[in-house]
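> The file below is work-v4.pdb, PDB, C-alpha atoms:
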```pdb
MODEL        1
ATOM      1  CA  MET A  30      13.758  31.531   4.955  1.00  0.00           C
ATOM      2  CA  VAL A  31      14.615  29.776   8.195  1.00  0.00           C
ATOM      3  CA  ARG A  32      11.881  29.524  10.800  1.00  0.00           C
ATOM      4  CA  THR A  33      12.726  29.874  14.440  1.00  0.00           C
ATOM      5  CA  PRO A  34      11.631  26.864  16.485  1.00  0.00           C
ATOM      6  CA  LEU A  35       8.324  27.214  18.250  1.00  0.00           C
ATOM      7  CA  THR A  36       8.303  27.540  21.997  1.00  0.00           C
ATOM      8  CA  PRO A  37       6.479  24.955  24.095  1.00  0.00           C
ATOM      9  CA  GLU A  38       3.849  27.624  24.842  1.00  0.00           C
ATOM     10  CA  GLU A  39       3.258  28.218  21.118  1.00  0.00           C
ATOM     11  CA  ARG A  40       2.858  24.491  20.534  1.00  0.00           C
ATOM     12  CA  GLN A  41       0.401  24.201  23.428  1.00  0.00           C
ATOM     13  CA  ARG A  42      -1.599  27.160  22.120  1.00  0.00           C
ATOM     14  CA  GLY A  43      -1.758  25.442  18.722  1.00  0.00           C
ATOM     15  CA  GLU A  44      -2.985  22.232  20.362  1.00  0.00           C
ATOM     16  CA  ARG A  45      -5.717  24.170  22.212  1.00  0.00           C
ATOM     17  CA  LEU A  46      -6.762  25.830  18.942  1.00  0.00           C
ATOM     18  CA  GLY A  47      -6.935  22.455  17.211  1.00  0.00           C
ATOM     19  CA  ARG A  48      -9.084  21.009  20.009  1.00  0.00           C
ATOM     20  CA  LEU A  49     -11.427  23.997  19.905  1.00  0.00           C
ATOM     21  CA  LEU A  50     -11.858  23.739  16.144  1.00  0.00           C
ATOM     22  CA  ARG A  51     -12.519  19.982  16.284  1.00  0.00           C
ATOM     23  CA  GLU A  52     -15.111  20.475  19.043  1.00  0.00           C
ATOM     24  CA  ALA A  53     -16.808  23.347  17.191  1.00  0.00           C
ATOM     25  CA  ARG A  54     -16.825  21.402  13.919  1.00  0.00           C
ATOM     26  CA  GLY A  55     -18.739  18.563  15.588  1.00  0.00           C
ATOM     27  CA  PRO A  56     -20.193  16.123  13.049  1.00  0.00           C
ATOM     28  CA  ARG A  57     -19.504  18.378  10.048  1.00  0.00           C
ATOM     29  CA  SER A  58     -16.799  17.159   7.696  1.00  0.00           C
ATOM     30  CA  MET A  59     -13.434  18.859   7.374  1.00  0.00           C
ATOM     31  CA  VAL A  60     -14.129  19.396   3.690  1.00  0.00           C
ATOM     32  CA  GLU A  61     -17.409  21.208   4.425  1.00  0.00           C
ATOM     33  CA  VAL A  62     -15.941  23.499   7.096  1.00  0.00           C
ATOM     34  CA  ALA A  63     -12.751  24.196   5.166  1.00  0.00           C
ATOM     35  CA  ALA A  64     -14.716  25.092   2.030  1.00  0.00           C
ATOM     36  CA  SER A  65     -16.989  27.464   3.941  1.00  0.00           C
ATOM     37  CA  ALA A  66     -13.876  29.159   5.369  1.00  0.00           C
ATOM     38  CA  GLY A  67     -12.176  29.338   1.964  1.00  0.00           C
ATOM     39  CA  LEU A  68      -9.402  26.931   2.961  1.00  0.00           C
ATOM     40  CA  SER A  69      -8.256  23.525   1.845  1.00  0.00           C
ATOM     41  CA  ALA A  70      -9.204  20.529   3.941  1.00  0.00           C
ATOM     42  CA  GLU A  71      -5.476  19.806   4.312  1.00  0.00           C
ATOM     43  CA  THR A  72      -4.913  23.216   5.912  1.00  0.00           C
ATOM     44  CA  LEU A  73      -7.720  22.587   8.393  1.00  0.00           C
ATOM     45  CA  ARG A  74      -6.356  19.096   9.082  1.00  0.00           C
ATOM     46  CA  LYS A  75      -2.903  20.518   9.845  1.00  0.00           C
ATOM     47  CA  ILE A  76      -4.339  23.132  12.207  1.00  0.00           C
ATOM     48  CA  GLU A  77      -6.579  20.632  13.999  1.00  0.00           C
ATOM     49  CA  THR A  78      -3.742  18.141  14.488  1.00  0.00           C
ATOM     50  CA  GLY A  79      -1.209  20.739  15.632  1.00  0.00           C
ATOM     51  CA  ARG A  80       1.044  20.361  12.588  1.00  0.00           C
ATOM     52  CA  ALA A  81       0.334  24.048  11.814  1.00  0.00           C
ATOM     53  CA  PRO A  82       0.211  25.499  15.336  1.00  0.00           C
ATOM     54  CA  THR A  83       0.556  29.151  14.290  1.00  0.00           C
ATOM     55  CA  PRO A  84      -1.927  29.798  11.478  1.00  0.00           C
ATOM     56  CA  ALA A  85      -2.344  33.309  10.100  1.00  0.00           C
ATOM     57  CA  PHE A  86      -4.864  35.594  11.789  1.00  0.00           C
ATOM     58  CA  PHE A  87      -7.149  35.695   8.758  1.00  0.00           C
ATOM     59  CA  THR A  88      -7.159  31.893   8.607  1.00  0.00           C
ATOM     60  CA  VAL A  89      -8.275  31.708  12.233  1.00  0.00           C
ATOM     61  CA  ALA A  90     -10.845  34.462  11.645  1.00  0.00           C
ATOM     62  CA  ALA A  91     -12.297  32.642   8.612  1.00  0.00           C
ATOM     63  CA  LEU A  92     -12.520  29.371  10.539  1.00  0.00           C
ATOM     64  CA  ALA A  93     -14.116  31.095  13.527  1.00  0.00           C
ATOM     65  CA  GLN A  94     -16.755  32.628  11.273  1.00  0.00           C
ATOM     66  CA  ALA A  95     -17.437  29.307   9.515  1.00  0.00           C
ATOM     67  CA  LEU A  96     -17.846  27.589  12.882  1.00  0.00           C
ATOM     68  CA  GLY A  97     -19.913  30.304  14.546  1.00  0.00           C
ATOM     69  CA  LEU A  98     -17.203  31.212  17.052  1.00  0.00           C
ATOM     70  CA  SER A  99     -16.338  34.736  18.082  1.00  0.00           C
ATOM     71  CA  LEU A 100     -12.694  35.747  18.049  1.00  0.00           C
ATOM     72  CA  ASP A 101     -13.099  36.617  21.736  1.00  0.00           C
ATOM     73  CA  GLU A 102     -14.084  33.013  22.409  1.00  0.00           C
ATOM     74  CA  VAL A 103     -11.140  31.701  20.383  1.00  0.00           C
ATOM     75  CA  LEU A 104      -8.779  33.939  22.349  1.00  0.00           C
ATOM     76  CA  ALA A 105     -10.294  32.968  25.704  1.00  0.00           C
ATOM     77  CA  ARG A 106     -10.017  29.253  24.923  1.00  0.00           C
ATOM     78  CA  CYS A 107      -6.564  29.299  23.325  1.00  0.00           C
ATOM     79  CA  ALA A 108      -4.566  31.918  25.222  1.00  0.00           C
ATOM     80  CA  PRO A 109      -2.286  30.666  27.955  1.00  0.00           C
ATOM     81  CA  ALA A 110      -3.709  30.625  31.451  1.00  0.00           C
ATOM     82  CA  PRO A 111      -2.613  33.592  33.574  1.00  0.00           C
ATOM     83  CA  VAL A 112       0.170  32.807  35.996  1.00  0.00           C
TER      84      VAL A 112
ENDMDL
END
```
Once more with this new file: its structure as structure tokens, please.


Amino acid sequence: MVRTPLTPEERQRGERLGRLLREARGPRSMVEVAASAGLSAETLRKIETGRAPTPAFFTVAALAQALGLSLDEVLARCAPAPV
């Protein structure tokens, strides 16, 4: 399967998501947060660093729940600014 290249907007959205997750994680370890979300620490690391800028919806939902974020907040913080 060949992936289509991500657009600059998709990359920027992934960077915003990574920043939000790092901020929400605070002093907690990646291992702790990833485990509570049912993910590997490597998956969380890739999302936080932008190497996985388009994670699956259920991955984002699990992380939001583990970090005490609402999906509305995730959307508001990660969606592109209106033009």

> What's the 9 Å shell around region 58-60 of chain A, counting all atoms listed in the file, without same-chain residues fewer than 4 positions away, as a list in words?

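What passes the distance filter is Arg54, Ala64, Ser65, Leu68, Ser69, Ala70, Glu71, Leu73 and Arg74 of chain A.
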
> Applying the PyMOL selection byres ((chain A and resi 77) around 10) to the file I just gave you, which residues come out? Please list them as a list of chain:residue names.

A:Gly43, A:Glu44, A:Arg45, A:Leu46, A:Gly47, A:Arg48, A:Leu49, A:Leu50, A:Arg51, A:Glu52, A:Met59, A:Glu71, A:Thr72, A:Leu73, A:Arg74, A:Lys75, A:Ile76, A:Thr78, A:Gly79, A:Arg80, A:Ala81, A:Pro82

> Using all atoms listed in the file for the distances, tell me which of A:Met30, A:Ala53, A:Leu100, A:Cys107 is nearest to Thr88 (chain A).

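Of all the options, A:Leu100 lies closest to Thr88 (chain A).
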
> Expressed in Å to a single decimal, how great is the separation between CA of Ala91 (chain A) and CA of Val62 (chain A)?

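CA of Val62 (chain A) lies at a distance of 10.0 Å from CA of Ala91 (chain A).
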
> In Å, how far is it from CA of Arg106 (chain A) to CA of Phe87 (chain A)?

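Answer for the CA of Arg106 (chain A) to CA of Phe87 (chain A) separation: 17.6 Å.
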
> Kindly resolve the PyMOL selection byres ((chain A and resi 37-39) around 8) on the present coordinates and return the residues as a list in words.

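In the shown coordinates, the PyMOL selection byres ((chain A and resi 37-39) around 8) covers Leu35, Thr36, Arg40, Gln41, Arg42, Gly43, Pro82, Thr83 and Pro109 of chain A.
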
> Can you tell me how far CA of Val89 (chain A) sits from CA of Arg32 (chain A), in Å to one decimal?

20.3 Å

> Could you tell me which of A:Pro56, A:Pro34, A:Ala66, A:Ala85 comes closest to Gly97 (chain A) if we count all atoms listed in the file?

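For Gly97 (chain A), the nearest of the candidates is A:Ala66.
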